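Pasting my_file10.tsv here (TSV, C-alpha atoms):
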chain	number	residue	atom	x	y	z
Q	141	MET	CA	14.20	88.13	98.48
Q	142	ALA	CA	17.48	89.00	100.20
Q	143	TRP	CA	20.50	87.04	99.25
Q	144	ASN	CA	21.12	85.81	102.75
Q	145	GLU	CA	17.53	84.85	103.63
Q	146	PRO	CA	16.82	81.21	104.41
Q	147	GLY	CA	15.79	79.21	101.49
Q	148	GLY	CA	17.21	81.67	99.11
Q	149	ASN	CA	19.89	80.98	96.60
Q	150	GLY	CA	22.69	82.57	98.51
Q	151	ASN	CA	25.35	81.54	96.08
Q	152	ASN	CA	23.62	83.23	93.22
Q	153	GLN	CA	22.72	86.35	95.23
Q	154	ASP	CA	26.28	87.21	96.53
Q	155	PRO	CA	26.66	91.05	96.27
Q	156	TRP	CA	30.49	90.69	95.72
Q	157	GLY	CA	29.89	89.03	92.45
Q	158	GLY	CA	29.42	85.70	94.19
Q	159	GLY	CA	29.71	83.13	91.55
Q	160	ASN	CA	31.07	79.73	92.16
Q	161	ASP	CA	34.71	78.99	92.94
Q	162	LYS	CA	35.35	78.47	89.31
Q	163	ASN	CA	34.29	82.06	88.58
Q	164	ARG	CA	36.67	83.29	91.35
Q	165	GLY	CA	39.47	81.36	89.91
Q	166	GLY	CA	38.89	82.99	86.57
Q	167	GLY	CA	36.88	80.30	84.86
Q	168	LYS	CA	34.47	80.84	82.11
Q	169	GLY	CA	30.98	82.02	82.75
Q	170	GLY	CA	32.15	84.84	85.00
Q	171	GLY	CA	30.90	87.63	82.84
Q	172	ASP	CA	29.06	89.23	85.76
Q	173	ASP	CA	32.15	88.94	88.11
Q	174	GLN	CA	32.68	92.74	88.80
Q	175	GLY	CA	33.60	92.75	92.59
Q	176	PRO	CA	36.56	94.54	94.30
Q	177	PRO	CA	40.13	93.11	94.04
Q	178	ASP	CA	41.17	90.35	96.37
Q	179	LEU	CA	43.16	91.75	99.36
Q	180	ASP	CA	44.94	88.51	100.00
Q	181	GLU	CA	46.15	88.41	96.45
Q	182	ALA	CA	47.47	91.99	96.68
Q	183	LEU	CA	49.37	91.33	99.90
Q	184	ARG	CA	50.82	88.16	98.44
Q	185	LYS	CA	52.13	90.01	95.41
Q	186	LEU	CA	53.72	92.71	97.62
Q	187	GLN	CA	55.37	90.03	99.74
Q	188	ASP	CA	56.76	88.34	96.65
Q	189	LYS	CA	58.31	91.58	95.48
Q	190	LEU	CA	59.91	92.30	98.86
Q	191	ASN	CA	61.26	88.77	99.05
Q	192	ASN	CA	62.78	89.15	95.62
Q	193	ILE	CA	64.40	92.43	96.68
Q	194	PHE	CA	65.78	91.21	100.03
Q	195	GLY	CA	66.65	87.68	99.02
Q	196	GLY	CA	63.46	85.82	99.93
Q	197	SER	CA	62.38	82.65	98.08
Q	198	GLY	CA	59.03	84.00	97.10
Q	199	LYS	CA	57.42	80.46	97.38
Q	200	LYS	CA	54.65	79.37	99.70
Q	201	SER	CA	54.10	76.04	101.20
Q	202	ASN	CA	50.45	76.33	100.26
Q	203	GLY	CA	49.04	77.87	97.16
Q	204	GLY	CA	46.40	80.02	98.89
Q	205	PHE	CA	47.18	83.07	100.97
Q	206	GLY	CA	44.79	82.00	103.63
Q	207	GLY	CA	45.70	78.33	103.51
Q	208	ASP	CA	48.77	78.76	105.79
Q	209	GLY	CA	48.09	81.67	108.12
Q	210	GLY	CA	51.31	81.34	110.12
Q	211	GLY	CA	53.64	81.31	107.11
Q	212	ALA	CA	51.89	84.21	105.49
Q	213	GLY	CA	51.98	86.23	108.70
Q	214	SER	CA	55.71	85.67	109.23
Q	215	SER	CA	56.48	86.55	105.63
Q	216	SER	CA	54.41	89.76	105.87
Q	217	GLY	CA	56.19	90.75	109.10
Q	218	ALA	CA	59.63	90.25	107.56
Q	219	GLY	CA	58.72	92.31	104.50
Q	220	PHE	CA	57.43	95.16	106.63
Q	221	PHE	CA	60.66	95.15	108.66
Q	222	TRP	CA	62.82	95.46	105.59
Q	223	VAL	CA	60.63	98.31	104.31
Q	224	VAL	CA	61.18	100.16	107.57
Q	225	VAL	CA	64.90	99.47	107.39
Q	226	LEU	CA	65.05	100.81	103.84
Q	227	ILE	CA	63.23	103.99	104.77
Q	228	ALA	CA	65.50	104.52	107.78
Q	229	VAL	CA	68.62	104.05	105.64
Q	230	LEU	CA	67.36	106.57	103.10
Q	231	ALA	CA	66.49	109.07	105.83
Q	232	TRP	CA	69.91	108.60	107.44
Q	233	ALA	CA	71.68	109.14	104.13
Q	234	GLY	CA	69.60	112.23	103.40
Q	235	MET	CA	70.53	113.77	106.74
Q	236	GLY	CA	74.18	113.74	105.73
Q	237	PHE	CA	73.86	116.36	102.97
Q	238	TYR	CA	74.65	120.00	103.77
Q	239	THR	CA	75.79	123.16	101.98
Q	240	VAL	CA	78.80	125.33	102.76
Q	241	ASP	CA	78.55	128.95	101.55
Q	242	GLN	CA	81.31	130.77	99.73
Q	243	GLN	CA	82.37	132.75	102.81
Q	244	GLU	CA	82.29	129.70	105.10
Q	245	ARG	CA	84.47	126.71	105.87
Q	246	GLY	CA	83.45	123.43	107.49
Q	247	VAL	CA	85.53	121.61	110.11
Q	248	VAL	CA	84.73	117.86	110.07
Q	249	LEU	CA	85.13	115.82	113.27
Q	250	ARG	CA	84.86	112.06	112.76
Q	251	LEU	CA	84.06	110.32	116.02
Q	252	GLY	CA	85.41	113.37	117.86
Q	253	LYS	CA	88.72	113.53	115.95
Q	254	PHE	CA	89.61	116.11	113.32
Q	255	SER	CA	89.17	114.70	109.83
Q	256	GLU	CA	89.30	117.53	107.31
Q	257	THR	CA	88.30	121.09	106.45
Q	258	VAL	CA	85.76	121.33	103.63
Q	259	GLY	CA	85.28	124.28	101.31
Q	260	PRO	CA	82.23	125.87	99.69
Q	261	GLY	CA	79.66	123.71	97.90
Q	262	LEU	CA	77.36	120.73	98.51
Q	263	GLN	CA	78.96	118.29	100.94
Q	264	TRP	CA	78.04	114.94	102.49
Q	265	ASN	CA	79.22	113.33	105.67
Q	266	PRO	CA	77.76	110.32	107.48
Q	267	PRO	CA	75.38	111.57	110.17
Q	268	MET	CA	76.00	110.63	113.81
Q	269	ILE	CA	79.53	109.65	112.81
Q	270	ASP	CA	80.83	113.00	111.56
Q	271	VAL	CA	80.14	116.36	113.19
Q	272	VAL	CA	80.58	119.44	111.01
Q	273	GLU	CA	81.27	122.88	112.49
Q	274	ILE	CA	80.48	125.66	109.98
Q	275	VAL	CA	82.63	128.80	110.48
Q	276	ASN	CA	82.33	132.12	108.64
Q	277	THR	CA	85.88	133.14	107.72
Q	278	THR	CA	85.17	136.47	105.95
Q	279	ARG	CA	82.82	138.32	108.31
Q	280	LEU	CA	84.54	141.14	110.16
Q	281	ARG	CA	83.83	140.89	113.87
Q	282	THR	CA	84.29	143.58	116.51
Q	283	ARG	CA	84.93	143.44	120.22
Q	284	ASP	CA	84.88	146.45	122.53
Q	285	HIS	CA	87.07	146.86	125.56
Q	286	ARG	CA	87.23	149.63	128.15
Q	287	ALA	CA	89.32	149.90	131.30
Q	288	LEU	CA	91.28	152.24	133.58
Q	289	MET	CA	95.01	152.08	132.87
Q	290	LEU	CA	98.09	153.31	134.75
Q	291	THR	CA	100.53	155.27	132.56
Q	292	LYS	CA	104.30	155.51	132.71
Q	293	ASP	CA	104.18	158.80	134.65
Q	294	GLU	CA	101.82	157.23	137.25
Q	295	ASN	CA	98.61	158.80	135.99
Q	296	ILE	CA	95.30	157.01	135.40
Q	297	VAL	CA	93.53	157.21	132.06
Q	298	ASP	CA	90.20	155.84	130.93
Q	299	ILE	CA	90.66	154.13	127.54
Q	300	GLU	CA	88.01	152.62	125.29
Q	301	MET	CA	89.06	150.67	122.21
Q	302	THR	CA	87.52	148.44	119.55
Q	303	VAL	CA	89.26	145.37	118.14
Q	304	GLN	CA	88.25	144.28	114.63
Q	305	TYR	CA	89.14	140.72	113.69
Q	306	LEU	CA	88.21	137.81	111.42
Q	307	ILE	CA	88.76	134.06	111.45
Q	308	SER	CA	91.74	133.08	109.32
Q	309	ASP	CA	92.08	129.43	110.45
Q	310	ALA	CA	88.81	127.55	110.97
Q	311	LYS	CA	90.52	124.49	112.47
Q	312	GLY	CA	92.41	126.52	115.07
Q	313	PHE	CA	89.29	128.53	115.91
Q	314	VAL	CA	87.21	125.38	116.52
Q	315	LEU	CA	89.69	122.99	118.08
Q	316	THR	CA	92.75	124.72	119.59
Q	317	VAL	CA	91.14	127.02	122.16
Q	318	ARG	CA	87.88	126.40	123.98
Q	319	ASP	CA	86.71	130.05	123.80
Q	320	PRO	CA	88.83	132.06	121.31
Q	321	GLU	CA	86.90	135.29	121.78
Q	322	ALA	CA	87.38	135.18	125.56
Q	323	SER	CA	91.08	134.64	124.93
Q	324	LEU	CA	90.99	137.67	122.62
Q	325	SER	CA	89.50	139.80	125.41
Q	326	HIS	CA	92.22	138.73	127.84
Q	327	ALA	CA	94.94	139.34	125.26
Q	328	ALA	CA	93.55	142.82	124.47
Q	329	GLU	CA	93.54	143.67	128.17
Q	330	SER	CA	97.12	142.52	128.60
Q	331	ALA	CA	98.42	144.24	125.46
Q	332	LEU	CA	96.70	147.53	126.27
Q	333	ARG	CA	98.03	147.60	129.82
Q	334	HIS	CA	101.55	146.82	128.63
Q	335	VAL	CA	101.60	149.58	126.00
Q	336	VAL	CA	99.86	152.22	128.16
Q	337	GLY	CA	102.15	151.39	131.07
Q	338	SER	CA	105.17	152.30	128.95
Q	339	THR	CA	103.73	155.58	127.56
Q	340	ASP	CA	103.31	159.04	129.08
Q	341	MET	CA	99.82	160.34	129.67
Q	342	HIS	CA	100.38	163.47	127.59
Q	343	SER	CA	101.19	161.37	124.53
Q	344	ILE	CA	98.12	159.17	125.06
Q	345	LEU	CA	95.75	162.11	125.39
Q	346	THR	CA	97.15	164.12	122.46
Q	347	GLN	CA	99.03	162.92	119.40
Q	348	GLY	CA	100.07	159.41	120.46
Q	349	ARG	CA	96.80	157.53	119.84
Q	350	GLU	CA	97.74	156.25	116.41
Q	351	THR	CA	101.04	154.88	117.65
Q	352	LEU	CA	99.27	153.37	120.65
Q	353	SER	CA	96.74	151.52	118.46
Q	354	VAL	CA	99.46	150.13	116.17
Q	355	GLN	CA	101.51	148.82	119.11
Q	356	VAL	CA	98.45	147.24	120.75
Q	357	GLN	CA	97.45	145.57	117.46
Q	358	ASP	CA	100.88	144.03	116.97
Q	359	ARG	CA	100.99	142.71	120.52
Q	360	ILE	CA	97.47	141.19	120.33
Q	361	GLN	CA	98.34	139.51	117.03
Q	362	ASN	CA	101.44	137.97	118.61
Q	363	TYR	CA	99.33	136.61	121.46
Q	364	MET	CA	96.76	135.15	119.06
Q	365	GLY	CA	99.51	133.48	117.06
Q	366	GLU	CA	101.04	131.93	120.18
Q	367	TYR	CA	97.66	130.68	121.39
Q	368	GLY	CA	96.74	129.27	117.96
Q	369	THR	CA	93.22	130.72	118.05
Q	370	GLY	CA	93.01	131.17	114.28
Q	371	LEU	CA	92.06	134.85	114.66
Q	372	GLN	CA	93.50	137.60	112.46
Q	373	ILE	CA	93.46	141.12	113.96
Q	374	SER	CA	92.37	143.55	111.28
Q	375	LYS	CA	92.49	146.89	113.14
Q	376	VAL	CA	92.54	148.36	116.63
Q	377	ASN	CA	90.78	151.71	117.10
Q	378	ILE	CA	91.32	153.85	120.20
Q	379	LYS	CA	87.86	155.36	120.42
Q	380	GLU	CA	88.41	157.46	123.53
Q	381	ALA	CA	91.26	158.27	125.89
Q	382	LYS	CA	90.55	160.62	128.74
Q	383	ALA	CA	91.11	161.18	132.40
Q	384	PRO	CA	88.73	159.61	134.95
Q	385	ASN	CA	85.52	161.50	135.56
Q	386	GLN	CA	86.57	162.39	139.11
Q	387	VAL	CA	89.46	164.55	137.89
Q	388	GLN	CA	88.19	165.46	134.44
Q	389	ASP	CA	87.83	169.18	135.22
Q	390	ALA	CA	91.42	169.47	136.39
Q	391	PHE	CA	92.68	167.64	133.34
Q	392	ASP	CA	90.62	169.91	131.08
Q	393	ASP	CA	92.37	172.91	132.64
Q	394	VAL	CA	95.73	171.28	132.08
Q	395	ILE	CA	94.89	170.53	128.46
Q	396	LYS	CA	93.75	174.13	127.91
Q	397	ALA	CA	96.99	175.40	129.43
Q	398	ARG	CA	98.98	173.15	127.10
Q	399	GLU	CA	96.96	174.36	124.15
Q	400	ASP	CA	97.67	177.96	125.17
Q	401	GLU	CA	101.33	177.05	125.43
Q	402	VAL	CA	101.32	175.62	121.93
Q	403	ARG	CA	99.44	178.67	120.62
Q	404	VAL	CA	101.90	181.13	122.17
Q	405	LYS	CA	104.83	179.13	120.82
Q	406	ASN	CA	103.31	179.21	117.36
Q	407	GLU	CA	102.78	182.95	117.57
Q	408	ALA	CA	106.37	183.47	118.72
Q	409	GLU	CA	107.64	181.29	115.90
Q	410	SER	CA	105.53	183.21	113.41
Q	411	TYR	CA	106.91	186.54	114.69
Q	412	ALA	CA	110.45	185.17	114.59
Q	413	ASN	CA	109.91	183.84	111.08
Q	414	GLY	CA	108.73	187.32	110.07
Q	415	ILE	CA	111.33	189.48	111.81
Q	416	ILE	CA	114.44	187.39	111.26
Q	417	PRO	CA	114.30	187.43	107.44
Q	418	GLU	CA	113.60	191.17	107.55
Q	419	ALA	CA	116.61	191.79	109.79
Q	420	ARG	CA	118.76	189.59	107.60
Q	421	GLY	CA	117.64	191.53	104.54
Q	422	LEU	CA	118.38	194.85	106.23
Q	423	ALA	CA	121.82	193.64	107.27
Q	424	GLN	CA	122.50	192.41	103.76
Q	425	ARG	CA	121.40	195.77	102.33
Q	426	MET	CA	123.69	197.65	104.72
Q	427	LEU	CA	126.56	195.40	103.73
Q	428	GLU	CA	125.85	196.06	100.08
Q	429	GLU	CA	125.64	199.82	100.67
Q	430	ALA	CA	128.90	199.79	102.61
Q	431	SER	CA	130.56	197.80	99.89
Q	432	ALA	CA	129.25	200.19	97.26
Q	433	TYR	CA	130.39	203.23	99.28
Q	434	ARG	CA	133.85	201.72	99.70
Q	435	GLU	CA	134.13	201.05	96.01
Q	436	GLN	CA	132.89	204.57	95.29
Q	437	VAL	CA	135.43	206.21	97.63
Q	438	VAL	CA	138.24	204.07	96.32
Q	439	ALA	CA	137.30	204.81	92.73
Q	440	ARG	CA	136.99	208.52	93.45
Q	441	SER	CA	140.31	208.60	95.24
Q	442	GLU	CA	141.98	206.77	92.40
Q	443	GLY	CA	140.39	209.20	89.95
Q	444	ASP	CA	141.53	212.24	91.97
Q	445	ALA	CA	145.03	210.82	92.15
Q	446	GLN	CA	145.12	210.27	88.41
Q	447	ARG	CA	143.72	213.76	87.78
Q	448	PHE	CA	146.29	215.34	90.11
Q	449	THR	CA	149.06	213.47	88.32
Q	450	ALA	CA	147.81	214.69	84.94
Q	451	LEU	CA	147.41	218.24	86.30
Q	452	LEU	CA	150.93	218.18	87.72
Q	453	THR	CA	152.26	217.28	84.32
Q	454	GLU	CA	150.44	220.24	82.73
Q	455	TYR	CA	151.52	222.58	85.52
Q	456	GLU	CA	155.12	221.73	84.99
Q	457	LYS	CA	154.73	222.66	81.33
Q	458	ALA	CA	152.94	226.05	81.94
Q	459	PRO	CA	152.77	227.06	85.59
Q	460	VAL	CA	151.17	230.54	85.17
Q	461	VAL	CA	148.40	229.47	82.83
Q	462	THR	CA	147.69	226.39	84.83
Q	463	ARG	CA	147.56	228.34	88.08
Q	464	GLU	CA	145.14	230.88	86.57
Q	465	ARG	CA	142.98	228.09	85.24
Q	466	LEU	CA	142.92	226.34	88.59
Q	467	TYR	CA	141.92	229.56	90.27
Q	468	LEU	CA	139.12	230.24	87.84
Q	469	ASP	CA	137.82	226.66	88.01
Q	470	THR	CA	137.81	226.75	91.77
Q	471	MET	CA	136.02	230.09	91.91
Q	472	GLU	CA	133.51	228.82	89.37
Q	473	GLU	CA	132.79	225.72	91.42
Q	474	VAL	CA	132.42	227.66	94.66
Q	475	LEU	CA	130.45	230.63	93.37
Q	476	SER	CA	128.11	228.55	91.22
Q	477	GLN	CA	126.68	226.94	94.38
Q	478	ASN	CA	126.54	230.13	96.50
Q	479	PRO	CA	124.33	233.01	95.35
Q	480	LYS	CA	125.81	235.46	97.89
Q	481	VAL	CA	129.42	236.60	98.14
Q	482	LEU	CA	131.15	238.75	100.76
Q	483	VAL	CA	134.30	240.54	99.52
Q	484	ASP	CA	136.91	241.89	101.91
Q	485	VAL	CA	138.26	245.14	100.47
Q	486	GLU	CA	142.00	245.54	100.86
Q	487	GLY	CA	142.94	248.57	102.97
Q	488	GLY	CA	139.39	249.14	104.24
Q	489	ASN	CA	137.29	248.16	107.21
Q	490	ASN	CA	134.09	247.37	105.32
Q	491	MET	CA	133.06	244.19	103.58
Q	492	MET	CA	131.14	244.40	100.34
Q	493	TYR	CA	128.10	242.18	99.84
Q	494	LEU	CA	127.51	240.93	96.35
Q	495	PRO	CA	124.05	239.38	95.75
Q	496	LEU	CA	124.86	237.33	92.71
Q	497	ASP	CA	121.31	236.01	92.45
Q	498	LYS	CA	119.99	239.57	92.16
Q	499	LEU	CA	122.60	240.41	89.64
Q	500	MET	CA	121.76	237.43	87.52
Q	501	GLN	CA	118.08	238.31	87.50
Q	502	ASN	CA	118.88	241.32	85.36
Q	503	ARG	CA	120.33	239.08	82.70
Q	504	PRO	CA	117.98	237.53	80.12
Q	505	VAL	CA	117.22	233.89	80.88
Q	506	VAL	CA	116.57	231.49	78.08
Q	507	GLY	CA	114.13	228.71	78.89
Q	508	ASP	CA	112.18	228.25	82.10
Q	509	PRO	CA	112.31	231.41	84.26
Q	510	ASN	CA	111.57	229.38	87.40
Q	511	ARG	CA	114.61	227.17	86.88
Q	512	PRO	CA	117.43	228.04	89.29
Q	513	VAL	CA	120.21	230.06	87.66
Q	514	ARG	CA	123.58	228.36	87.43
Q	515	LEU	CA	126.60	230.49	86.53
Q	516	ASP	CA	128.77	229.35	83.71
Q	517	SER	CA	132.38	230.47	83.19
Q	518	GLN	CA	131.51	233.36	80.89
Q	519	SER	CA	128.90	234.77	83.25
Q	520	LEU	CA	131.20	234.35	86.17
Q	521	ARG	CA	133.92	236.30	84.38
Q	522	GLU	CA	131.54	239.11	83.57
Q	523	VAL	CA	130.38	239.33	87.16
Q	524	THR	CA	133.97	239.22	88.32
Q	525	ASP	CA	134.83	242.09	85.98
Q	526	GLN	CA	131.94	244.14	87.31
Q	527	VAL	CA	133.01	243.50	90.88
Q	528	VAL	CA	136.57	244.49	90.09
Q	529	ASP	CA	135.39	247.73	88.42
Q	530	GLN	CA	133.24	248.66	91.38
Q	531	LEU	CA	136.11	247.99	93.75
Q	532	ARG	CA	138.40	250.23	91.71
Q	533	GLN	CA	135.83	253.04	91.61
Q	534	ARG	CA	135.40	252.91	95.37
Q	535	GLN	CA	139.13	253.01	95.95
Q	536	SER	CA	139.60	255.98	93.63
Q	537	SER	CA	136.71	257.89	95.28
Q	538	ARG	CA	138.24	257.33	98.68
Q	539	ARG	CA	141.62	258.65	97.51
Q	540	GLU	CA	140.10	261.83	96.09
Q	541	GLY	CA	138.27	262.42	99.32
Q	542	ARG	CA	141.48	262.33	101.27
Same coordinates, now as structure tokens:
Amino acid sequence: MAWNEPGGNGNNQDPWGGGNDKNRGGGKGGGDDQGPPDLDEALRKLQDKLNNIFGGSGKKSNGGFGGDGGGAGSSSGAGFFWVVVLIAVLAWAGMGFYTVDQQERGVVLRLGKFSETVGPGLQWNPPMIDVVEIVNTTRLRTRDHRALMLTKDENIVDIEMTVQYLISDAKGFVLTVRDPEASLSHAAESALRHVVGSTDMHSILTQGRETLSVQVQDRIQNYMGEYGTGLQISKVNIKEAKAPNQVQDAFDDVIKAREDEVRVKNEAESYANGIIPEARGLAQRMLEEASAYREQVVARSEGDAQRFTALLTEYEKAPVVTRERLYLDTMEEVLSQNPKVLVDVEGGNNMMYLPLDKLMQNRPVVGDPNRPVRLDSQSLREVTDQVVDQLRQRQSSRREGR
């Protein structure tokens, strides 16, 4: 029979372990009391714990959970509210944690006003009260700029440059200027126009780019310092500097002509560097030769003067012998260098030719036969004696013929 059929013992047939109230209350005889836990009892225990945590009394006006429905309901509603509040507080506190990397800095604004600058690490700030702006202060940023500029000599050049910069002051970058990078673009435009406007076009297109970039970098950095943007200019590169496209061909011809001019100048300087030292060396050699010749002539003249003085002394001692010796030495010097001699015979109209070289060939030569013969004093005297004998024979034959 079903437990809830009429006439049945419903109390004894309760499927939830339906014993009497004594068994529910935990009395004896409840050995078969194996039903699910009481929900009212569980909610009551949770309410007691919440009341203890949030300052509630934890007491009921009635001992049963269902005895006073209004009190139990209000207590349950208050406990649920405090649970929600606790969860919201924990969530709010958890939202305040954040991490700043090693290359970053955090600018903290508390209720819109600057509070502090935080460094790397785990940080916490109250959410919805503090606003944190994270700025990378080590990353190198670049910004390109290109424009047509008017030079000092009233020419137009097309210049393209790149500005490399990084953030050195996070507070100034976030708070001082609304758009620091736009300010950087305007400052780069102004600095480039100022420097190009005071420079000739030839210098910009040729060797003046490095100087131009240094001057532009210094001027941009001064502007950034005056504005307080917190930007540090690392380098300015002039990527391209050329004439406008409309006149590029004409400027190419001008540049080629200037290159030819430089080339010709270099060639002329090379030739001058080669010929000038050679001419200076030749002039120095001529000066040295002239100096040597002067010293040689002076020394020879001094030697001749000394020899004449010594000869005069000997001549005064023995005039005849000295005169004969001078004659013989002179004839030796003259005849030794001339292989042919013409002798004018006294009292006759004919001149006698004496081939000394032929005469010397008849004499025995010691050594190399191809070596030119040089008369010594003894040979010269013998030849002279032969000549004198022949002259005497001719004179005697002429006399006999008369």
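The shell of residues at most 8 Å from Q:Gly261, with all atoms listed in the file counted and near chain neighbours (fewer than 3 positions) removed, consists of Q:Thr239, Q:Val240, Q:Asp241, Q:Gln242.
Straight-line separation from atom CA of Q:Glu321 to atom CA of Q:Thr282: 10.2 Å.
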Let me have the centre and edge lengths of the axis-aligned box enclosing all listed atoms of stretch 279-297 of chain Q with 3 Å padding on every side, in Å to one decimal, as AutoDock Vina command-line options.
--center_x 93.6 --center_y 148.6 --center_z 122.8 --size_x 27.5 --size_y 26.5 --size_z 34.9
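Across the model, the gap from atom CA of Q:Lys379 to atom CA of Q:Gln347 is 13.5 Å.
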Contacts between stretch 332-336 of chain Q and stretch 243-296 of chain Q, please, where a residue of stretch 243-296 of chain Q counts if it comes within 8 Å (with only C-alpha atoms); show its shortest atom pair and distance in Å to one decimal, rows by chain and ascending number, as JSON lines.
{"residue": "Q:Met289", "atom": "CA", "partner": "Q:Arg333", "partner_atom": "CA", "distance": 6.2}
{"residue": "Q:Leu290", "atom": "CA", "partner": "Q:Val336", "partner_atom": "CA", "distance": 6.9}
{"residue": "Q:Thr291", "atom": "CA", "partner": "Q:Val336", "partner_atom": "CA", "distance": 5.4}
{"residue": "Q:Lys292", "atom": "CA", "partner": "Q:Val336", "partner_atom": "CA", "distance": 7.2}
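Each of Q:Gln263, Q:Ser323, Q:Thr524, Q:Gln446 was checked against Q:Glu366 using all atoms listed in the file; the smallest atom-to-atom distance is that of Q:Ser323.
Residue nearest Q:His285 within the list Q:His326, Q:Lys396, Q:Arg463, Q:Arg420: Q:His326 [criterion: smallest interatomic distance, only C-alpha atoms].
Between atom CA of Q:Pro267 and atom CA of Q:Ile227 the interatomic distance comes to 15.3 Å.
The closest residue to Q:Ala328, picked from Q:Leu306, Q:Val314, Q:Val247, Q:Ile373 and counting only C-alpha atoms, is Q:Ile373.
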(Q) Can you tell me which residues surround Q:Ala233 at a distance of at most 12 Å, considering all atoms listed in the file, apart from same-chain residues fewer than 6 positions away, and format the answer as a PyMOL selection string? (A) chain Q and resi 226-227+264-269
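Nearest to Q:Ala218 of all the residues Q:Ala231, Q:Leu288, Q:Ala430, Q:Leu186 is Q:Leu186, counting only C-alpha atoms.
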Can you take stretch 331-374 of chain Q from the block and write C-alpha atoms as a PDB file, in the first residue's frame?
ATOM      1  CA  ALA Q 331      64.651  73.462 -37.319  1.00  0.00           C
ATOM      2  CA  LEU Q 332      65.210  72.042 -40.794  1.00  0.00           C
ATOM      3  CA  ARG Q 333      63.935  75.168 -42.512  1.00  0.00           C
ATOM      4  CA  HIS Q 334      66.103  77.388 -40.320  1.00  0.00           C
ATOM      5  CA  VAL Q 335      69.307  75.432 -40.979  1.00  0.00           C
ATOM      6  CA  VAL Q 336      68.680  74.897 -44.717  1.00  0.00           C
ATOM      7  CA  GLY Q 337      67.764  78.553 -45.124  1.00  0.00           C
ATOM      8  CA  SER Q 338      71.207  79.553 -43.853  1.00  0.00           C
ATOM      9  CA  THR Q 339      73.181  77.064 -46.002  1.00  0.00           C
ATOM     10  CA  ASP Q 340      74.151  77.059 -49.678  1.00  0.00           C
ATOM     11  CA  MET Q 341      72.668  74.435 -51.937  1.00  0.00           C
ATOM     12  CA  HIS Q 342      76.059  73.141 -53.062  1.00  0.00           C
ATOM     13  CA  SER Q 343      77.009  72.329 -49.482  1.00  0.00           C
ATOM     14  CA  ILE Q 344      73.686  70.559 -48.853  1.00  0.00           C
ATOM     15  CA  LEU Q 345      73.955  68.402 -51.959  1.00  0.00           C
ATOM     16  CA  THR Q 346      77.627  67.464 -51.512  1.00  0.00           C
ATOM     17  CA  GLN Q 347      79.711  67.342 -48.351  1.00  0.00           C
ATOM     18  CA  GLY Q 348      77.565  69.358 -45.933  1.00  0.00           C
ATOM     19  CA  ARG Q 349      74.989  66.713 -44.967  1.00  0.00           C
ATOM     20  CA  GLU Q 350      76.723  65.640 -41.778  1.00  0.00           C
ATOM     21  CA  THR Q 351      77.006  69.214 -40.553  1.00  0.00           C
ATOM     22  CA  LEU Q 352      73.386  69.819 -41.519  1.00  0.00           C
ATOM     23  CA  SER Q 353      72.139  66.833 -39.493  1.00  0.00           C
ATOM     24  CA  VAL Q 354      74.132  67.866 -36.406  1.00  0.00           C
ATOM     25  CA  GLN Q 355      72.779  71.422 -36.511  1.00  0.00           C
ATOM     26  CA  VAL Q 356      69.190  70.228 -36.992  1.00  0.00           C
ATOM     27  CA  GLN Q 357      69.532  67.767 -34.086  1.00  0.00           C
ATOM     28  CA  ASP Q 358      70.791  70.454 -31.715  1.00  0.00           C
ATOM     29  CA  ARG Q 359      68.008  72.833 -32.658  1.00  0.00           C
ATOM     30  CA  ILE Q 360      65.260  70.187 -32.274  1.00  0.00           C
ATOM     31  CA  GLN Q 361      66.635  69.201 -28.867  1.00  0.00           C
ATOM     32  CA  ASN Q 362      66.510  72.838 -27.750  1.00  0.00           C
ATOM     33  CA  TYR Q 363      62.882  73.072 -28.845  1.00  0.00           C
ATOM     34  CA  MET Q 364      61.967  69.856 -27.018  1.00  0.00           C
ATOM     35  CA  GLY Q 365      63.642  71.134 -23.861  1.00  0.00           C
ATOM     36  CA  GLU Q 366      61.756  74.426 -24.017  1.00  0.00           C
ATOM     37  CA  TYR Q 367      58.433  72.667 -24.600  1.00  0.00           C
ATOM     38  CA  GLY Q 368      59.060  70.151 -21.799  1.00  0.00           C
ATOM     39  CA  THR Q 369      57.935  67.184 -23.895  1.00  0.00           C
ATOM     40  CA  GLY Q 370      60.270  64.722 -22.168  1.00  0.00           C
ATOM     41  CA  LEU Q 371      61.737  63.594 -25.510  1.00  0.00           C
ATOM     42  CA  GLN Q 372      65.457  62.994 -26.040  1.00  0.00           C
ATOM     43  CA  ILE Q 373      66.676  63.275 -29.658  1.00  0.00           C
ATOM     44  CA  SER Q 374      69.086  60.433 -30.326  1.00  0.00           C
TER      45      SER Q 374
END
